[in-house]
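entry-v1.txt (compact mmCIF, C-alpha atoms) appears below.
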```
# COMPACT_ATOMS: atom_id res chain seq x y z
CA MET A 1 240.66 67.65 62.54
CA ARG A 2 244.16 68.50 63.78
CA ASN A 3 247.44 66.61 63.31
CA LEU A 4 250.93 67.23 64.68
CA ILE A 5 253.63 66.69 62.06
CA ASP A 6 256.01 69.58 62.80
CA ILE A 7 256.57 71.46 66.06
CA LEU A 8 256.15 74.77 64.20
CA GLU A 9 252.49 73.89 63.60
CA LEU A 10 251.94 74.75 67.25
CA SER A 11 251.99 78.40 68.31
CA THR A 12 253.91 79.30 71.46
CA SER A 13 250.58 79.91 73.21
CA GLU A 14 249.44 76.38 72.25
CA ILE A 15 252.73 74.96 73.53
CA ASP A 16 252.26 76.88 76.77
CA GLU A 17 248.71 75.46 77.05
CA LEU A 18 249.98 71.90 76.51
CA ILE A 19 252.66 72.40 79.16
CA ALA A 20 250.09 73.80 81.60
CA ARG A 21 247.83 70.80 80.99
CA ALA A 22 250.72 68.36 81.43
CA GLU A 23 251.53 70.03 84.74
CA ASP A 24 247.89 69.69 85.78
CA ILE A 25 248.01 65.98 84.85
CA ILE A 26 251.09 65.60 87.07
CA ALA A 27 249.35 67.39 89.93
CA ASN A 28 245.92 65.72 89.50
CA PRO A 29 246.36 62.30 87.85
CA ASP A 30 243.04 60.92 89.11
CA ALA A 31 241.12 63.61 87.21
CA TYR A 32 242.41 62.19 83.90
CA ARG A 33 242.08 58.42 84.39
CA GLU A 34 238.86 58.09 82.36
CA LYS A 35 239.34 60.94 79.84
CA CYS A 36 240.00 58.57 76.91
CA ARG A 37 237.73 55.72 77.93
CA TYR A 38 236.68 53.74 74.82
CA LYS A 39 239.26 55.61 72.70
CA LYS A 40 242.01 53.71 70.84
CA LEU A 41 245.53 54.84 69.94
CA ALA A 42 247.30 53.07 67.05
CA THR A 43 251.10 53.05 67.35
CA LEU A 44 252.54 52.52 63.85
CA PHE A 45 256.29 52.20 64.34
CA PHE A 46 258.12 51.36 61.12
CA GLU A 47 261.43 51.99 62.93
CA PRO A 48 262.65 50.75 66.36
CA SER A 49 261.80 52.75 69.47
CA THR A 50 261.68 52.18 73.22
CA ARG A 51 260.81 55.45 74.97
CA THR A 52 258.63 57.07 72.33
CA ARG A 53 256.46 54.04 71.62
CA LEU A 54 256.10 52.98 75.26
CA SER A 55 255.45 56.53 76.45
CA PHE A 56 252.63 56.93 73.90
CA GLU A 57 251.18 53.60 75.02
CA ALA A 58 251.55 54.48 78.73
CA ALA A 59 250.00 57.90 78.05
CA MET A 60 246.90 56.40 76.42
CA LEU A 61 246.53 53.69 79.08
CA ASP A 62 246.82 56.29 81.87
CA LEU A 63 244.02 58.23 80.18
CA GLY A 64 241.80 55.13 80.31
CA GLY A 65 242.12 54.33 76.59
CA SER A 66 243.52 51.30 74.78
CA VAL A 67 246.34 50.70 72.32
CA LEU A 68 246.87 48.66 69.15
CA GLY A 69 249.61 48.68 66.55
CA PHE A 70 253.02 47.28 65.60
CA SER A 71 256.61 47.99 66.62
CA GLU A 72 258.49 47.27 63.37
CA ALA A 73 257.75 47.41 59.66
CA GLN A 74 258.22 43.63 59.31
CA ALA A 75 255.23 43.12 61.61
CA SER A 76 252.95 45.03 59.21
CA SER A 77 251.79 44.70 55.60
CA ALA A 78 254.51 47.21 54.69
CA ALA A 79 256.67 44.08 54.48
CA LYS A 80 254.42 43.01 51.58
CA GLY A 81 254.76 46.39 49.88
CA GLU A 82 251.65 48.14 51.16
CA SER A 83 251.82 51.94 50.90
CA VAL A 84 251.72 54.24 53.91
CA ALA A 85 248.49 55.76 52.57
CA ASP A 86 246.75 52.37 52.44
CA THR A 87 248.08 51.33 55.84
CA VAL A 88 246.78 54.42 57.63
CA ARG A 89 243.49 54.42 55.75
CA THR A 90 242.98 50.88 57.06
CA VAL A 91 244.09 51.71 60.60
CA GLY A 92 241.77 54.74 60.56
CA CYS A 93 238.88 52.25 60.47
CA TYR A 94 239.98 50.76 63.81
CA ALA A 95 241.47 53.57 65.90
CA ASP A 96 240.73 57.16 66.98
CA ILE A 97 244.27 58.58 66.75
CA ILE A 98 247.64 57.45 65.30
CA ALA A 99 251.22 57.89 66.53
CA MET A 100 253.59 57.07 63.68
CA ARG A 101 257.36 56.69 63.36
CA HIS A 102 258.90 56.12 59.95
CA PRO A 103 262.46 56.17 58.54
CA LYS A 104 261.36 58.21 55.49
CA GLU A 105 261.10 61.96 55.96
CA GLY A 106 257.60 63.17 55.17
CA ALA A 107 255.87 59.80 55.68
CA PRO A 108 253.76 61.01 58.66
CA TYR A 109 252.65 64.00 56.58
CA VAL A 110 251.51 61.63 53.82
CA ALA A 111 249.73 59.57 56.49
CA SER A 112 247.93 62.67 57.79
CA GLN A 113 246.49 63.26 54.32
CA HIS A 114 244.86 59.82 54.19
CA ALA A 115 244.13 58.56 57.71
CA GLY A 116 240.84 60.35 58.43
CA ILE A 117 241.85 60.55 62.12
CA PRO A 118 244.53 62.69 63.86
CA VAL A 119 248.14 61.68 63.15
CA ILE A 120 251.06 62.45 65.46
CA ASN A 121 254.56 62.35 63.99
CA ALA A 122 256.63 60.22 66.38
CA GLY A 123 259.79 60.79 64.32
CA ASP A 124 260.47 60.75 60.58
CA GLY A 125 264.07 60.07 59.54
CA GLY A 126 266.40 62.95 60.35
CA HIS A 127 263.60 65.45 59.91
CA ASN A 128 261.16 66.00 62.79
CA HIS A 129 260.32 64.66 66.22
CA PRO A 130 257.77 67.15 67.62
CA THR A 131 256.70 65.18 70.70
CA GLN A 132 260.33 64.85 71.82
CA THR A 133 260.53 68.64 71.51
CA LEU A 134 257.39 69.05 73.61
CA THR A 135 258.98 66.69 76.15
CA ASP A 136 262.11 68.85 76.14
CA LEU A 137 260.13 72.07 76.59
CA LEU A 138 258.14 70.63 79.50
CA THR A 139 261.42 69.49 81.08
CA ILE A 140 263.03 72.92 80.67
CA LYS A 141 259.94 74.57 82.16
CA ARG A 142 259.88 72.20 85.15
CA GLU A 143 263.65 72.39 85.75
CA LYS A 144 264.11 76.14 85.17
CA GLY A 145 260.66 77.55 85.79
CA ARG A 146 260.70 79.40 82.47
CA LEU A 147 261.20 79.05 78.70
CA ASN A 148 262.87 82.43 78.18
CA ASP A 149 266.23 84.04 79.05
CA LEU A 150 268.28 80.85 78.74
CA VAL A 151 271.67 79.90 77.30
CA ILE A 152 271.33 76.46 75.72
CA GLY A 153 274.22 74.28 74.59
CA VAL A 154 273.44 71.53 72.09
CA CYS A 155 276.24 68.99 71.78
CA GLY A 156 277.12 66.02 69.59
CA ASP A 157 275.43 65.18 66.30
CA LEU A 158 273.87 68.47 65.21
CA LYS A 159 273.77 67.49 61.53
CA PHE A 160 271.46 64.46 61.65
CA GLY A 161 269.91 64.97 65.11
CA ARG A 162 266.21 65.65 64.48
CA THR A 163 265.67 66.33 68.20
CA VAL A 164 268.23 69.16 68.06
CA HIS A 165 266.70 70.70 64.92
CA SER A 166 263.21 70.73 66.42
CA LEU A 167 264.42 72.04 69.80
CA ILE A 168 266.30 74.94 68.22
CA GLN A 169 263.30 75.84 66.04
CA ALA A 170 260.94 75.75 69.03
CA MET A 171 263.14 77.60 71.54
CA SER A 172 264.06 80.29 69.00
CA ARG A 173 260.49 81.62 69.35
CA TYR A 174 260.98 82.52 73.02
CA ASP A 175 262.63 85.73 74.24
CA GLY A 176 266.21 85.99 75.49
CA ILE A 177 267.45 82.68 74.09
CA SER A 178 271.00 82.06 72.89
CA PHE A 179 272.77 78.89 71.77
CA TYR A 180 276.14 77.20 71.85
CA LEU A 181 276.42 74.76 68.93
CA ILE A 182 279.02 72.18 70.03
CA SER A 183 280.01 69.53 67.49
CA PRO A 184 282.78 68.09 65.30
CA GLU A 185 283.20 69.95 62.00
CA GLU A 186 281.61 67.01 60.15
CA LEU A 187 278.45 67.10 62.28
CA LYS A 188 277.72 70.83 62.36
CA LEU A 189 274.17 72.18 62.39
CA PRO A 190 272.79 72.30 58.81
CA SER A 191 272.77 75.74 57.20
CA TYR A 192 269.01 75.71 56.64
CA VAL A 193 268.33 75.28 60.39
CA LYS A 194 270.89 77.95 61.24
CA ASN A 195 269.46 80.39 58.70
CA ASP A 196 265.76 79.83 59.39
CA ALA A 197 265.82 79.46 63.17
CA LEU A 198 268.76 81.64 64.21
CA LYS A 199 270.10 84.09 61.63
CA LYS A 200 266.74 85.36 60.37
CA LYS A 201 265.61 86.06 63.93
CA GLY A 202 268.92 87.57 65.05
CA ILE A 203 269.34 84.95 67.79
CA PRO A 204 272.88 84.91 69.22
CA TYR A 205 274.82 81.66 68.75
CA THR A 206 278.38 80.46 69.12
CA GLN A 207 279.67 77.59 67.02
CA THR A 208 282.48 75.62 68.67
CA THR A 209 284.16 72.21 68.77
CA ASN A 210 285.11 72.64 72.47
CA LEU A 211 282.63 71.35 75.04
CA ILE A 212 284.72 72.21 78.12
CA GLU A 213 285.10 75.87 77.11
CA ALA A 214 281.37 76.22 76.47
CA LEU A 215 280.15 74.55 79.70
CA PRO A 216 280.57 77.47 82.19
CA ASN A 217 278.25 79.64 80.05
CA LEU A 218 275.33 77.23 79.91
CA ASP A 219 271.96 77.05 81.71
CA ILE A 220 271.12 73.86 79.78
CA LEU A 221 273.35 71.24 78.14
CA TYR A 222 271.47 69.09 75.63
CA MET A 223 273.60 66.06 74.75
CA THR A 224 272.94 63.82 71.76
CA ARG A 225 274.42 60.57 70.56
CA VAL A 226 276.27 60.19 67.29
CA GLN A 227 273.74 58.05 65.41
CA ARG A 228 275.14 55.06 63.52
CA GLU A 229 271.91 54.69 61.52
CA ARG A 230 272.29 58.16 59.96
CA PHE A 231 275.78 57.46 58.53
CA PHE A 232 276.49 56.15 55.06
CA ASN A 233 280.09 55.32 55.98
CA GLU A 234 280.99 53.06 58.94
CA GLU A 235 284.52 54.49 59.14
CA ASP A 236 283.16 58.02 59.65
CA TYR A 237 280.86 56.78 62.41
CA ILE A 238 283.68 54.97 64.27
CA ARG A 239 285.95 58.01 63.97
CA LEU A 240 283.37 60.46 65.36
CA LYS A 241 281.21 58.46 67.78
CA ASP A 242 283.30 59.24 70.90
CA SER A 243 283.96 62.90 70.08
CA TYR A 244 282.06 64.20 73.10
CA ILE A 245 281.76 62.20 76.30
CA LEU A 246 280.48 64.05 79.37
CA THR A 247 282.33 62.97 82.53
CA PRO A 248 282.34 64.33 86.12
CA ASP A 249 285.73 66.02 85.62
CA LYS A 250 284.43 67.92 82.59
CA LEU A 251 281.58 69.27 84.76
CA ALA A 252 284.06 70.89 87.17
CA GLY A 253 283.64 74.30 85.51
CA ALA A 254 279.88 74.02 84.93
CA ARG A 255 277.24 75.93 86.90
CA GLU A 256 275.68 74.40 89.99
CA ASP A 257 272.24 74.99 88.46
CA LEU A 258 273.09 73.52 85.05
CA THR A 259 270.41 71.20 83.63
CA ILE A 260 271.78 68.22 81.68
CA MET A 261 269.35 66.76 79.14
CA HIS A 262 269.49 63.94 76.59
CA PRO A 263 266.70 62.55 74.36
CA LEU A 264 268.10 59.01 74.87
CA PRO A 265 269.06 56.32 74.05
CA ARG A 266 272.51 57.04 75.40
CA VAL A 267 275.48 55.04 74.18
CA ASN A 268 278.49 56.41 76.07
CA GLU A 269 278.24 60.18 75.56
CA ILE A 270 277.22 60.73 79.20
CA SER A 271 279.15 58.76 81.82
CA VAL A 272 276.91 56.75 84.18
CA ALA A 273 278.88 58.44 86.98
CA ILE A 274 276.78 61.57 86.26
CA ASP A 275 273.41 59.83 86.68
CA ASP A 276 273.17 60.63 90.40
CA ASP A 277 274.23 64.27 89.94
CA PRO A 278 271.16 66.47 90.71
CA ARG A 279 271.89 68.36 87.48
CA ALA A 280 271.21 65.20 85.41
CA ALA A 281 267.61 65.61 84.22
CA TYR A 282 267.45 63.01 81.43
CA PHE A 283 265.44 60.39 83.33
CA ARG A 284 263.07 63.08 84.62
CA GLN A 285 262.86 64.10 80.94
CA VAL A 286 261.73 60.54 80.06
CA GLN A 287 258.91 60.74 82.60
CA ASN A 288 257.85 64.15 81.31
CA GLY A 289 257.43 62.55 77.87
CA LYS A 290 254.44 60.55 79.07
CA PHE A 291 252.71 63.57 80.61
CA ILE A 292 253.12 65.86 77.58
CA ARG A 293 251.90 63.09 75.25
CA MET A 294 248.84 62.68 77.46
CA ALA A 295 248.15 66.42 77.07
CA LEU A 296 248.68 66.21 73.29
CA ILE A 297 246.36 63.20 72.84
CA LEU A 298 243.63 65.06 74.74
CA LYS A 299 244.14 68.19 72.62
CA LEU A 300 243.98 66.34 69.27
CA LEU A 301 240.93 64.34 70.35
CA GLY A 302 239.22 67.53 71.55
CA LEU A 303 238.87 66.25 75.11
```
Let's see the structure in the file written out as structure tokens.
Amino acid sequence: MRNLIDILELSTSEIDELIARAEDIIANPDAYREKCRYKKLATLFFEPSTRTRLSFEAAMLDLGGSVLGFSEAQASSAAKGESVADTVRTVGCYADIIAMRHPKEGAPYVASQHAGIPVINAGDGGHNHPTQTLTDLLTIKREKGRLNDLVIGVCGDLKFGRTVHSLIQAMSRYDGISFYLISPEELKLPSYVKNDALKKKGIPYTQTTNLIEALPNLDILYMTRVQRERFFNEEDYIRLKDSYILTPDKLAGAREDLTIMHPLPRVNEISVAIDDDPRAAYFRQVQNGKFIRMALILKLLGL
């Protein structure tokens, strides 16, 4: 039985296979409508989510399966003090596969040890969000036609942003990749990510606080929001939340073939005036999330 807790559990060849299957699902949706008939996905979301939870549910429904679960901890027996292990052991009696989001880092790993059915990590604290990374990789492949020889700028909250950490770790395994790390000093990429994903592999990177100077060099700009829920101090959040706001005038020096991505939700870090720019890929990215999750569900269920 296979789980997906960390993006690094997948080899690059497995990622390439998942992307190829997602692209086949996009091209031939009718061929997949009954693939998960009589199968049930449990969505255990102990933390709020719109896109991730609904895309998992849409993915399973489009595969002909069904969905059960809860969308907040208060709607489950966790509110009564039930452990994660007991919750998933119970849910494993009702479902065939679990997608789980939890505010505590490592909780989906604990779940995978007890569920008896495949567990997908749908985000654990500031740690991992592997299906968002798969969504990002499918988007890059569809927008650029490749996953190698790219200059990627990641901008905003690089300290707490789990999507950024996972993306850097995943993309660092492809050839010809370099990064611009664009953030305030207080929200710089953690040393352990920099050391493990970049320095050890000799991957070129530039650390900067200046978005406008970095933009002309980029194939991809990956924007992130400054996350209030990851701060211990409200004053620090208020001071830093508007550090990087992408507006049409800032894009003046950017490439015509730039791809602008964002894991969403957006607060105000990308102006709505950019939404109709053909370079804005973040809503196409949302749609890709459903297709890659369909491919992943099929893989973990052996279908």
Legend entry - Radius query 8 Å about (264.8, 52.3, 63.6), atoms used: only C-alpha atoms, as a list in words: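 Those residues lying close to the given coordinates are Phe46, Glu47, Pro48, Ser49, His102, Pro103 and Glu229 of chain A.
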Inset, instruction - Name the residues in contact with segment 284-301 of chain A at a cut-off of 8 Å, using only C-alpha atoms, excluding same-chain residues fewer than 5 positions from it; report them as number ranges by chain. - result: A: 1-3, 18-19, 21-23, 25-26, 35-36, 51-52, 55-56, 58-60, 63, 96-97, 118, 131-132, 134-136, 138-139, 261-263
Inset, instruction - Just the residues within 10 Å of Val110 of chain A, please, counting all atoms listed in the file, with nothing from its chain fewer than 6 positions along; format it as a ChimeraX atom specification. - result: /A:5,84-85,88,119
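Note that the spacing between atom CA of Gly156 of chain A and atom CA of Phe45 of chain A amounts to 25.5 Å.
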Legend entry - Closest of A:Cys93, A:Lys104, A:His129, A:Gly176 to Gly116 of chain A - atom-to-atom distances counting only C-alpha atoms: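 Comparing A:Cys93, A:Lys104, A:His129, A:Gly176 against Gly116 of chain A, the winner is A:Cys93.
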Inset, instruction - Do a neighbour search on segment 167-170 of chain A at 9 Å with all atoms listed in the file, toss out local chain neighbours closer than 4 positions, and write the hits as a PyMOL selection string. - result: chain A and resi 7-8+12+130+132-134+136-137+154+162-163+174+179+193-194+196-198
Pull C-alpha atoms from the residues just selected and write them as a PDB file, in the coordinates of the input.
```pdb
ATOM      1  CA  ILE A   7     256.570  71.460  66.060  1.00  0.00           C
ATOM      2  CA  LEU A   8     256.150  74.770  64.200  1.00  0.00           C
ATOM      3  CA  THR A  12     253.910  79.300  71.460  1.00  0.00           C
ATOM      4  CA  PRO A 130     257.770  67.150  67.620  1.00  0.00           C
ATOM      5  CA  GLN A 132     260.330  64.850  71.820  1.00  0.00           C
ATOM      6  CA  THR A 133     260.530  68.640  71.510  1.00  0.00           C
ATOM      7  CA  LEU A 134     257.390  69.050  73.610  1.00  0.00           C
ATOM      8  CA  ASP A 136     262.110  68.850  76.140  1.00  0.00           C
ATOM      9  CA  LEU A 137     260.130  72.070  76.590  1.00  0.00           C
ATOM     10  CA  VAL A 154     273.440  71.530  72.090  1.00  0.00           C
ATOM     11  CA  ARG A 162     266.210  65.650  64.480  1.00  0.00           C
ATOM     12  CA  THR A 163     265.670  66.330  68.200  1.00  0.00           C
ATOM     13  CA  TYR A 174     260.980  82.520  73.020  1.00  0.00           C
ATOM     14  CA  PHE A 179     272.770  78.890  71.770  1.00  0.00           C
ATOM     15  CA  VAL A 193     268.330  75.280  60.390  1.00  0.00           C
ATOM     16  CA  LYS A 194     270.890  77.950  61.240  1.00  0.00           C
ATOM     17  CA  ASP A 196     265.760  79.830  59.390  1.00  0.00           C
ATOM     18  CA  ALA A 197     265.820  79.460  63.170  1.00  0.00           C
ATOM     19  CA  LEU A 198     268.760  81.640  64.210  1.00  0.00           C
TER      20      LEU A 198
END
```
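The space between atom CA of Leu251 of chain A and atom CA of Asn217 of chain A spans 11.9 Å.
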Legend entry - 12 Å contact set for Asp219 of chain A, all atoms listed in the file, chain neighbours under 4 positions out, as number ranges by chain: A: 140, 143-144, 146-154, 177-180, 214-215, 254-261, 279
Legend entry - Gap from atom CA of Lys40 of chain A to atom CA of Ala95 of chain A - Å, one decimal: 5.0 Å
Legend entry - Nearest to Cys155 of chain A, chosen from A:Leu4, A:Ala99, A:Ile220, A:Val91, with only C-alpha atoms counted in the distances: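 Comparing A:Leu4, A:Ala99, A:Ile220, A:Val91 against Cys155 of chain A, the winner is A:Ile220.
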Inset, instruction - Name all residues at most 6 Å from Ile98 of chain A (count only C-alpha atoms; drop same-chain ones fewer than 5 positions away) and give them as a list in words. - result: Leu41, Ala42, Thr43 and Val119 of chain A
Inset, instruction - Select, from A:Gly64, A:Ile15, A:Gly106, A:Ile117, the residue with the minimum atom-to-atom distance to Arg33 of chain A, counting all atoms listed in the file. - result: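 For Arg33 of chain A, the nearest of the given residues is A:Gly64.
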Take every atom of segment 255-259 of chain A listed in the file, fit an axis-aligned box around them, add 5 Å per side, and give the centre and edge lengths in Å to one decimal as JSON.
```
{"center_x": 273.8, "center_y": 73.6, "center_z": 86.8, "size_x": 16.8, "size_y": 14.7, "size_z": 16.4}
```
